[in-house]
Amino acid sequence: MDYIVLDMEWNQPWPGSPSARKVLPVQIRGEIIQIGAVRITEDRHVADEFQVLIKPKYYRRLNRRVSKLTGIKESRLREEGVSMEEAMAAFRAWCGEDVIFLTWGFDDITILRENLMLYGLDDSWVSRWYNAQMIFNAQTDGSSAQKSLKTAMEMFEIEATRPAHDALGDAYHTALICARLDLRRGAMEYEEAVKSHVNGFHGAELPGCICRKVFYDYADKRAALGAMSGEENQCPTCGRQMLGSRWFAQPGHRYMDLATCPEHGKFLIRVRLSDQPDGKVRVSRLTYEATSEAAQAYARRVEKAEPEAPRSGTRRRRRSRLPKKEE
Ligand SMILES: [Zn+2]
């Protein structure tokens with residue numbers, strides 16, 4: 001049995017572009033353009049490497065942010081990229097039969113599965129995987145926050161010898177970290193580690209936070225946010241359903257909204273969405289006093305956004321709002 005450390009780069013349509021309006025048979029968060037992978041043997045030796053570039057089929061124009069971050073040019077994908085089918089066949093053959101995937105973060109496997117489904121390809125062979133961040137945390141400082149690869153490398157005093165934001169470069173550095181972890185124990189204690197991540201506070205909580213709750217198993221982002229402004233939008237004092245105003249997107253799959261209880265007044269709601277291993281969506285929800293610093297930050301945000309806000313009769317779409325699932 002080998003561990004395969006996997007890292008990928010993916011392309012996303014530019015917001016508002018024709019590609020962004022495409023309705024695909026399977027919804028994907030991004031179309032994979034590069035796969036990098038490094039094998040770690042059972043006795044924790046960093047072994048051979050795999051890399052492939054994939055010519056995008058659905059989002060053909062390379063998002064300039066993706067291009068800038070990864071250093072991959074559209075012309076290079078055209079020249080060196082192979083089809084998804086070809087890339088997956090080669091990758092699967094390289095992996096071998098008995099493998100466990102390790103990724104830095106929860107995103108890569110989800111996106112790999114989405115892409116396999118979009119192409120109608122078998123995804124059963126990627127069902128065994130662990131987010132190495134969780135194992136790293138459990139075996140180092142015990143914290144529940146997701147650390148960047150760079151931070152983890154610094155903690156282990158690993159020098160960067162490969163380029164960052166290159167799939168193989170990131171996979172290689174991740175492999176150096178993973179080779180120093182007790183992966184067997186990490187796998188055994190994984191459930192516990194994920195639970196502590198889910199229940200942990202991520203980053204410093206702002207003062208004025210009065211209540212925190214975790215919700216599970218939403219089909220997608222829209223369903224999750226719908227529940228958060230609907231039936232789960234309960235007043236922390238009386239438990240009655242509050243009235244939301246609107247969600248503002250913040251970095252890191254976070255959203256905030258100011259909700260009102262007819263009797264107890266306003267509360268700031270902050271939610272963070274994350275993917276469960278089964279592809280469903282989990283929500284961490286924080287409720288703040290309306291007088292808190294966080295609520296004041298929301299008020300400033302609303303004020304700034306107001307001139308652009310849709311007026312009655314108009315149907316302007318705002319980029320800060322949740323993108324529609326299908327359009
Ligand atoms: Zn109330």
# chains A, B, ... in the order shown; residues from 1 in each chain; ligands from 1

call {"tool": "residues_around", "arguments": {"residues": "stretch 102-116 of chain A", "least_positions_apart": "2", "cutoff": "6 Å", "atoms": "only C-alpha atoms", "output": "list in words"}}
result
Ile4, Val5, Leu6, Ile28, Leu118, Tyr119, Leu121, Trp129, Tyr130, Asn131, Ala132 and Gln133 of chain A

call {"tool": "write_last_selection", "arguments": {"atoms": "N, CA and C atoms", "output": "PDB file, in the first residue's frame"}}
result
ATOM      1  N   ILE A   4      -0.442   8.397  -1.823  1.00  0.00           N
ATOM      2  CA  ILE A   4      -0.243   9.293  -2.954  1.00  0.00           C
ATOM      3  C   ILE A   4      -0.582  10.711  -2.498  1.00  0.00           C
ATOM      4  N   VAL A   5       0.447  11.552  -2.459  1.00  0.00           N
ATOM      5  CA  VAL A   5       0.201  12.954  -2.116  1.00  0.00           C
ATOM      6  C   VAL A   5      -0.207  13.674  -3.398  1.00  0.00           C
ATOM      7  N   LEU A   6      -1.395  14.233  -3.366  1.00  0.00           N
ATOM      8  CA  LEU A   6      -1.983  14.803  -4.574  1.00  0.00           C
ATOM      9  C   LEU A   6      -2.158  16.312  -4.434  1.00  0.00           C
ATOM     10  N   ILE A  28     -19.214  21.748 -11.264  1.00  0.00           N
ATOM     11  CA  ILE A  28     -17.837  21.627 -10.773  1.00  0.00           C
ATOM     12  C   ILE A  28     -17.389  22.972 -10.223  1.00  0.00           C
ATOM     13  N   LEU A 118     -18.087  14.550 -14.018  1.00  0.00           N
ATOM     14  CA  LEU A 118     -18.439  15.342 -15.200  1.00  0.00           C
ATOM     15  C   LEU A 118     -18.079  14.595 -16.479  1.00  0.00           C
ATOM     16  N   TYR A 119     -16.956  13.895 -16.440  1.00  0.00           N
ATOM     17  CA  TYR A 119     -16.512  13.144 -17.623  1.00  0.00           C
ATOM     18  C   TYR A 119     -17.069  11.718 -17.641  1.00  0.00           C
ATOM     19  N   LEU A 121     -16.392   9.358 -15.625  1.00  0.00           N
ATOM     20  CA  LEU A 121     -15.331   8.394 -15.311  1.00  0.00           C
ATOM     21  C   LEU A 121     -15.523   7.828 -13.901  1.00  0.00           C
ATOM     22  N   TRP A 129      -9.046   8.711   1.260  1.00  0.00           N
ATOM     23  CA  TRP A 129      -8.186   9.897   1.300  1.00  0.00           C
ATOM     24  C   TRP A 129      -8.247  10.575   2.660  1.00  0.00           C
ATOM     25  N   TYR A 130      -7.193  11.303   2.979  1.00  0.00           N
ATOM     26  CA  TYR A 130      -7.138  12.082   4.213  1.00  0.00           C
ATOM     27  C   TYR A 130      -6.619  13.467   3.918  1.00  0.00           C
ATOM     28  N   ASN A 131      -7.164  14.434   4.630  1.00  0.00           N
ATOM     29  CA  ASN A 131      -6.609  15.776   4.575  1.00  0.00           C
ATOM     30  C   ASN A 131      -5.415  15.803   5.528  1.00  0.00           C
ATOM     31  N   ALA A 132      -4.215  15.920   4.962  1.00  0.00           N
ATOM     32  CA  ALA A 132      -2.993  15.853   5.771  1.00  0.00           C
ATOM     33  C   ALA A 132      -2.900  16.996   6.787  1.00  0.00           C
ATOM     34  N   GLN A 133      -3.608  18.080   6.530  1.00  0.00           N
ATOM     35  CA  GLN A 133      -3.616  19.191   7.497  1.00  0.00           C
ATOM     36  C   GLN A 133      -4.124  18.712   8.856  1.00  0.00           C
TER      37      GLN A 133
END

call {"tool": "closest_atom_pairs", "arguments": {"of": "chain A", "to": "ligand 1", "cutoff": "7 Å", "atoms": "only C-alpha atoms and all ligand atoms", "output": "CSV"}}
result
residue,atom,partner,partner_atom_place_in_ligand_line,distance
A:Cys235,CA,ligand 1,1 (Zn),4.6
A:Pro236,CA,ligand 1,1 (Zn),6.6
A:Thr237,CA,ligand 1,1 (Zn),5.0
A:Cys238,CA,ligand 1,1 (Zn),4.1
A:Gly239,CA,ligand 1,1 (Zn),6.1
A:Arg240,CA,ligand 1,1 (Zn),5.8
A:Cys261,CA,ligand 1,1 (Zn),4.8
A:Pro262,CA,ligand 1,1 (Zn),6.6
A:Glu263,CA,ligand 1,1 (Zn),5.1
A:His264,CA,ligand 1,1 (Zn),4.4

call {"tool": "residues_around", "arguments": {"residues": "A:Met228", "least_positions_apart": "5", "cutoff": "10 Å", "atoms": "only C-alpha atoms", "output": "short mmCIF file (atom, residue, chain, number, x, y, z; two decimals) with C-alpha atoms, in the first residue's frame"}}
result
data_model
loop_
_atom_site.label_atom_id
_atom_site.label_comp_id
_atom_site.auth_asym_id
_atom_site.auth_seq_id
_atom_site.Cartn_x
_atom_site.Cartn_y
_atom_site.Cartn_z
CA PHE A 215 -24.87 22.22 11.06
CA ARG A 222 -27.49 27.60 -1.57
CA ALA A 223 -29.32 25.09 0.60
CA ASN A 233 -32.02 31.55 11.87
CA GLN A 234 -33.00 31.45 15.51
CA GLY A 244 -32.39 38.01 7.77
CA TRP A 247 -25.61 37.76 2.96
CA ASP A 257 -25.86 38.78 7.63
CA ILE A 269 -24.75 36.12 11.96
CA ARG A 270 -21.48 34.86 10.54
CA VAL A 271 -21.28 31.51 8.83
CA VAL A 283 -21.91 25.18 8.30
CA ARG A 285 -22.57 29.52 12.54
#

call {"tool": "select_by_dssp", "arguments": {"residues": "stretch 101-326 of chain A", "states": "strand (DSSP E or B)", "output": "PyMOL selection string"}}
result
chain A and resi 101-103+129-131+209-218+234+241+243+248-250+254-261+265-275+281-289

call {"tool": "write_last_selection", "arguments": {"atoms": "C-alpha atoms", "output": "tab-separated table (two decimals), in the first residue's frame"}}
result
chain	number	residue	atom	x	y	z
A	101	PHE	CA	-4.57	9.76	-1.08
A	102	LEU	CA	-3.24	12.60	1.01
A	103	THR	CA	-4.03	16.21	0.19
A	129	TRP	CA	-8.19	9.90	1.30
A	130	TYR	CA	-7.14	12.08	4.21
A	131	ASN	CA	-6.61	15.78	4.58
A	209	CYS	CA	-19.74	36.30	19.98
A	210	ILE	CA	-22.57	34.83	22.03
A	211	CYS	CA	-23.35	31.54	20.40
A	212	ARG	CA	-21.83	28.99	18.08
A	213	LYS	CA	-23.34	25.98	16.37
A	214	VAL	CA	-22.38	23.51	13.64
A	215	PHE	CA	-24.87	22.22	11.06
A	216	TYR	CA	-24.34	19.30	8.70
A	217	ASP	CA	-25.42	17.65	5.47
A	218	TYR	CA	-26.64	20.42	3.21
A	234	GLN	CA	-33.00	31.45	15.51
A	241	GLN	CA	-37.00	32.51	13.81
A	243	LEU	CA	-35.61	37.77	9.77
A	248	PHE	CA	-22.32	39.41	2.33
A	249	ALA	CA	-19.57	37.16	1.04
A	250	GLN	CA	-16.24	37.30	2.81
A	254	ARG	CA	-17.62	32.97	4.88
A	255	TYR	CA	-20.79	35.02	4.81
A	256	MET	CA	-22.37	37.48	7.18
A	257	ASP	CA	-25.86	38.78	7.63
A	258	LEU	CA	-27.69	41.00	10.11
A	259	ALA	CA	-30.78	39.24	11.48
A	260	THR	CA	-33.61	40.68	13.51
A	261	CYS	CA	-35.80	39.17	16.23
A	265	GLY	CA	-33.50	43.16	18.19
A	266	LYS	CA	-30.59	42.67	15.84
A	267	PHE	CA	-27.84	40.06	15.82
A	268	LEU	CA	-24.95	39.61	13.46
A	269	ILE	CA	-24.75	36.12	11.96
A	270	ARG	CA	-21.48	34.86	10.54
A	271	VAL	CA	-21.28	31.51	8.83
A	272	ARG	CA	-18.43	29.51	7.37
A	273	LEU	CA	-19.20	26.81	4.83
A	274	SER	CA	-16.98	23.80	4.32
A	275	ASP	CA	-17.13	20.55	2.41
A	281	VAL	CA	-21.88	21.06	3.03
A	282	ARG	CA	-21.28	21.81	6.68
A	283	VAL	CA	-21.91	25.18	8.30
A	284	SER	CA	-20.30	26.75	11.34
A	285	ARG	CA	-22.57	29.52	12.54
A	286	LEU	CA	-21.62	32.29	14.95
A	287	THR	CA	-24.02	34.78	16.48
A	288	TYR	CA	-22.77	38.17	17.66
A	289	GLU	CA	-24.33	40.96	19.66

call {"tool": "atom_distance", "arguments": {"atom1": "atom CA of A:Val66", "atom2": "atom CA of A:Leu53"}}
result
14.1 Å

call {"tool": "select_by_dssp", "arguments": {"residues": "stretch 198-289 of chain A", "states": "helix (DSSP H, G or I)", "output": "PyMOL selection string"}}
result
chain A and resi 198-199+221-229

call {"tool": "write_last_selection", "arguments": {"atoms": "C-alpha atoms", "output": "tab-separated table (two decimals), in the first residue's frame"}}
result
chain	number	residue	atom	x	y	z
A	198	VAL	CA	-15.14	20.99	12.94
A	199	ASN	CA	-15.87	21.84	16.55
A	221	LYS	CA	-24.09	26.20	-0.67
A	222	ARG	CA	-27.49	27.60	-1.57
A	223	ALA	CA	-29.32	25.09	0.60
A	224	ALA	CA	-26.94	25.82	3.47
A	225	LEU	CA	-27.35	29.59	3.27
A	226	GLY	CA	-31.10	29.18	2.74
A	227	ALA	CA	-31.39	27.26	6.00
A	228	MET	CA	-29.17	29.78	7.77
A	229	SER	CA	-31.47	32.66	6.85

call {"tool": "atom_distance", "arguments": {"atom1": "atom CA of A:Pro18", "atom2": "atom CA of A:Arg60"}}
result
10.8 Å

call {"tool": "atom_distance", "arguments": {"atom1": "atom CA of A:Asp2", "atom2": "atom CA of A:Glu191"}}
result
20.5 Å

call {"tool": "closest_residue", "arguments": {"among": "A:His45, A:Met134, A:Arg92, A:Arg29", "to": "A:Asp122", "atoms": "only C-alpha atoms"}}
result
A:Arg92

call {"tool": "residues_around", "arguments": {"residues": "A:Ala90", "least_positions_apart": "4", "cutoff": "10 Å", "atoms": "only C-alpha atoms", "output": "ChimeraX atom specification"}}
result
/A:50-52,84-86,94-95
